[in-house]
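K.L.:
I'd like to ask you about the structure that follows.
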Amino acid sequence: MGRGYLVTGTDTGVGKTVITAALVGVWRRYGIDAVAVKPVQSGAVEVNGELVPEDAVFYRHAAGLPYSVDELNLYRFSAAVSPHLSAELSGEKIEPSKVVQFCRKMLKRFELVLIEGAGGLCVPLSGPDFIVADLAQELFLPLLVVARPGLGSINHTVLTVAYAQSRGISVTGVIINGLREEEVGPAEKDNPRMITAMTGVPVLGIVPYLSGVSVEKRRAHGLLEAVENAVDWQYLIGN
C-alpha cells in the first residue's frame, strides 16, 4: 500500500484544495506517482444537469491528473454546508464504509496520496459517529494541516493539533496559506514560531496569496511554482 496524508484545515476556506492540488502537481513533476482525492464534496455545482465536484476538477487542472472526477471523488452534494447535512438535504446518506474503502483503494493504487477532508477535523461526514478525524484514524494516516496566516491562527492550529493528538492521530506538519505581503505584521511574523513551539509540529511552509489562483474559475497560474519554492515538499516524501 502506498503512503498518504489526510489534509485538514483549521477552518473552512483556508485553502486545503489549493495546497492539495499543488503538492500533488509538484510531486508528479519529479516523477512521483501521486494523486489527490476528495471523498466527500459538498457545495458541488450543477452543470448541464449533473453535479460537478469542483475540488476534484481543480486537482485535474492544477496537477495535470489524467483521471476522471469519478475516480477522484465518491460523494458530491449541492448544498454548501457540512457533508452530513448536505447529504441529508439531498435525501441521501453517506456510508462510512464506502468512504474508507474508496480511500484504501486509492492508497493501494498510488505511490503517494493526499486525501482532502471537509473543513476542519471535527466536521461530520455522515454524522457525529463519523467525522473527518474518524476517517484519518480508520486509514491510519497522519495529518497535514493547512492554516491561515493572520490573527487567530495560533489558537485554531494548536486546538486542531491537540485534538488530533488526543485521538492518537499524528500530525506531520502545518502549511500556512494565503499570506498577503501588504498585511504582514507582528502576528504574521510570529505565528509560525509560536505554532511550532506550542505543538511540536513543524511549519513546512508559508505560501503567499496568489491572485491568479481560483478553484471556482479553475485558475492555477503560478501555483505549482509558488508551492515548490515555499513548502518543504521533499520532507513530506521522506517523512
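Going through the C-alpha cells in order, the chains are called A, B, and so on, while each chain numbers its residues from 1 and the ligands are numbered from 1 in the order shown.
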Residues within 6 Å of A:Val113, please, as a list in words. Count only C-alpha atoms; anything in the same chain fewer than 4 positions from it doesn't count.

P.N.:
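Residues near the query, excluding close chain neighbours: Gly4, Ala34, Val35 and Ala36 of chain A.
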
K.L.:
Find the spatial neighbours of stretch 178-192 of chain A, counting only C-alpha atoms, within a cut-off of 6 Å - ignore same-chain residues fewer than 5 positions away - and output them as a list in words.

P.N.:
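Skipping anything fewer than 5 positions along the chain leaves Pro149, Gly150, Val207, Pro208 and Tyr209 of chain A.
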
K.L.:
Quick one: residues within 9 Å of A:Arg193, only C-alpha atoms counted, chain neighbours fewer than 4 positions away excluded, as a list in words?

P.N.:
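Close residues of A:Arg193: Lys189, Ala197, Met198, Pro202 and Val203 of chain A.
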
K.L.:
Would you save the residues from that selection as a compact mmCIF listing (two decimals), in the first residue's frame, using N, CA, C and O atoms?

P.N.:
```txt
# COMPACT_ATOMS: atom_id res chain seq x y z
N LYS A 189 4.35 37.45 11.43
CA LYS A 189 5.75 37.08 11.58
C LYS A 189 5.97 36.10 12.73
O LYS A 189 6.83 35.21 12.66
N ALA A 197 6.38 26.01 18.52
CA ALA A 197 6.75 25.93 19.93
C ALA A 197 5.64 25.30 20.77
O ALA A 197 5.91 24.54 21.72
N MET A 198 4.39 25.58 20.42
CA MET A 198 3.27 25.11 21.23
C MET A 198 2.76 23.73 20.84
O MET A 198 2.09 23.07 21.65
N PRO A 202 6.28 20.94 12.94
CA PRO A 202 6.96 21.94 12.11
C PRO A 202 6.00 22.65 11.15
O PRO A 202 5.06 22.05 10.63
N VAL A 203 6.26 23.94 10.95
CA VAL A 203 5.60 24.68 9.88
C VAL A 203 6.44 24.44 8.62
O VAL A 203 7.59 24.86 8.55
```

K.L.:
Show me, as a ChimeraX atom specification, the residues that have an atom within 12 Å of stretch 77-92 of chain A when counting only C-alpha atoms, minus same-chain residues fewer than 5 positions from it.

P.N.:
/A:12-13,38-47,49-54,117-132

K.L.:
Which is closer to A:Val227 than all the others in A:Leu107, A:His156, A:Glu71, A:Leu210, using only C-alpha atoms?

P.N.:
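Under the stated criterion, the closest residue is A:Leu210.
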
K.L.:
Please run DSSP on the backbone and report, as a ChimeraX atom specification, all residues within stretch 4-214 of chain A that come out as helix (DSSP H, G or I).

P.N.:
/A:16-29,54-63,69-72,83-89,96-109,132-139,153-166,181-183,186-199

K.L.:
Residues at most 12 Å from A:Ala63, counting only C-alpha atoms, excluding those fewer than 6 positions away in the same chain, as a VMD selection string?

P.N.:
chain A and resid 17 to 29 33 to 37 55 to 57 218 to 225 227

K.L.:
Generate a file of the selected residues that holds N, CA, C and O atoms, formatted as a tab-separated table (two decimals), in the first residue's frame.

P.N.:
```tsv
chain	number	residue	atom	x	y	z
A	17	THR	N	-7.78	22.80	-0.71
A	17	THR	CA	-7.82	22.30	-2.08
A	17	THR	C	-6.64	22.80	-2.89
A	17	THR	O	-6.02	22.06	-3.66
A	18	VAL	N	-6.32	24.06	-2.74
A	18	VAL	CA	-5.21	24.67	-3.47
A	18	VAL	C	-3.88	24.01	-3.08
A	18	VAL	O	-3.08	23.63	-3.95
A	19	ILE	N	-3.66	23.84	-1.80
A	19	ILE	CA	-2.41	23.23	-1.32
A	19	ILE	C	-2.35	21.76	-1.74
A	19	ILE	O	-1.29	21.26	-2.17
A	20	THR	N	-3.46	21.05	-1.62
A	20	THR	CA	-3.51	19.65	-2.01
A	20	THR	C	-3.15	19.46	-3.47
A	20	THR	O	-2.30	18.64	-3.84
A	21	ALA	N	-3.80	20.23	-4.34
A	21	ALA	CA	-3.54	20.13	-5.78
A	21	ALA	C	-2.10	20.49	-6.10
A	21	ALA	O	-1.44	19.82	-6.92
A	22	ALA	N	-1.59	21.53	-5.47
A	22	ALA	CA	-0.23	21.99	-5.78
A	22	ALA	C	0.82	20.97	-5.36
A	22	ALA	O	1.77	20.70	-6.11
A	23	LEU	N	0.69	20.41	-4.17
A	23	LEU	CA	1.67	19.41	-3.72
A	23	LEU	C	1.70	18.21	-4.65
A	23	LEU	O	2.78	17.73	-5.03
A	24	VAL	N	0.52	17.73	-5.04
A	24	VAL	CA	0.47	16.59	-5.94
A	24	VAL	C	1.09	16.96	-7.29
A	24	VAL	O	1.84	16.16	-7.89
A	25	GLY	N	0.81	18.16	-7.76
A	25	GLY	CA	1.40	18.60	-9.02
A	25	GLY	C	2.91	18.67	-8.98
A	25	GLY	O	3.61	18.27	-9.93
A	26	VAL	N	3.45	19.17	-7.88
A	26	VAL	CA	4.90	19.25	-7.72
A	26	VAL	C	5.51	17.85	-7.66
A	26	VAL	O	6.51	17.56	-8.33
A	27	TRP	N	4.91	16.97	-6.87
A	27	TRP	CA	5.44	15.61	-6.77
A	27	TRP	C	5.44	14.91	-8.12
A	27	TRP	O	6.41	14.22	-8.47
A	28	ARG	N	4.38	15.10	-8.88
A	28	ARG	CA	4.31	14.44	-10.19
A	28	ARG	C	5.37	15.00	-11.14
A	28	ARG	O	5.88	14.27	-12.00
A	29	ARG	N	5.71	16.26	-11.00
A	29	ARG	CA	6.78	16.85	-11.81
A	29	ARG	C	8.11	16.13	-11.58
A	29	ARG	O	8.96	16.07	-12.47
A	33	ASP	N	4.39	9.03	-8.40
A	33	ASP	CA	3.04	8.66	-8.79
A	33	ASP	C	2.07	9.08	-7.68
A	33	ASP	O	1.67	8.28	-6.84
A	34	ALA	N	1.73	10.37	-7.69
A	34	ALA	CA	0.90	10.95	-6.63
A	34	ALA	C	-0.48	11.31	-7.16
A	34	ALA	O	-0.66	11.56	-8.35
A	35	VAL	N	-1.44	11.35	-6.24
A	35	VAL	CA	-2.80	11.71	-6.62
A	35	VAL	C	-3.48	12.41	-5.45
A	35	VAL	O	-3.09	12.22	-4.30
A	36	ALA	N	-4.48	13.23	-5.78
A	36	ALA	CA	-5.29	13.88	-4.76
A	36	ALA	C	-6.73	13.39	-4.90
A	36	ALA	O	-7.23	13.24	-6.02
A	37	VAL	N	-7.39	13.13	-3.78
A	37	VAL	CA	-8.78	12.69	-3.83
A	37	VAL	C	-9.60	13.48	-2.80
A	37	VAL	O	-9.11	13.88	-1.75
A	55	ASP	N	-13.59	20.64	-6.42
A	55	ASP	CA	-12.25	20.37	-5.89
A	55	ASP	C	-11.53	19.32	-6.75
A	55	ASP	O	-10.35	19.49	-7.09
A	56	ALA	N	-12.24	18.26	-7.10
A	56	ALA	CA	-11.63	17.22	-7.94
A	56	ALA	C	-11.29	17.76	-9.32
A	56	ALA	O	-10.26	17.41	-9.91
A	57	VAL	N	-12.16	18.62	-9.85
A	57	VAL	CA	-11.89	19.24	-11.16
A	57	VAL	C	-10.63	20.09	-11.07
A	57	VAL	O	-9.79	20.08	-11.98
A	218	ARG	N	-11.08	27.62	-11.96
A	218	ARG	CA	-10.09	26.66	-12.46
A	218	ARG	C	-8.83	27.36	-12.96
A	218	ARG	O	-8.29	27.05	-14.02
A	219	ARG	N	-8.37	28.29	-12.16
A	219	ARG	CA	-7.16	29.03	-12.48
A	219	ARG	C	-6.07	28.65	-11.50
A	219	ARG	O	-6.28	28.65	-10.29
A	220	ALA	N	-4.90	28.30	-12.02
A	220	ALA	CA	-3.79	27.87	-11.16
A	220	ALA	C	-2.49	28.55	-11.57
A	220	ALA	O	-1.40	27.99	-11.41
A	221	HIS	N	-2.58	29.77	-12.06
A	221	HIS	CA	-1.40	30.48	-12.56
A	221	HIS	C	-0.36	30.68	-11.45
A	221	HIS	O	-0.64	31.30	-10.43
A	222	GLY	N	0.81	30.11	-11.65
A	222	GLY	CA	1.91	30.28	-10.71
A	222	GLY	C	1.82	29.44	-9.45
A	222	GLY	O	2.69	29.54	-8.58
A	223	LEU	N	0.79	28.60	-9.34
A	223	LEU	CA	0.57	27.87	-8.09
A	223	LEU	C	1.65	26.85	-7.81
A	223	LEU	O	2.22	26.81	-6.71
A	224	LEU	N	1.94	25.98	-8.77
A	224	LEU	CA	2.92	24.93	-8.51
A	224	LEU	C	4.29	25.51	-8.21
A	224	LEU	O	4.99	25.03	-7.31
A	225	GLU	N	4.65	26.55	-8.93
A	225	GLU	CA	5.96	27.18	-8.71
A	225	GLU	C	6.03	27.78	-7.31
A	225	GLU	O	7.05	27.67	-6.61
A	227	VAL	N	4.33	26.92	-4.57
A	227	VAL	CA	4.37	25.89	-3.54
A	227	VAL	C	5.70	25.14	-3.56
A	227	VAL	O	6.27	24.81	-2.51
```

K.L.:
As an exercise, work out the distance from atom CA of A:Val161 to atom CA of A:Lys105 in Å and give it to one decimal place.

P.N.:
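Separation between atom CA of A:Val161 and atom CA of A:Lys105: 27.0 Å.
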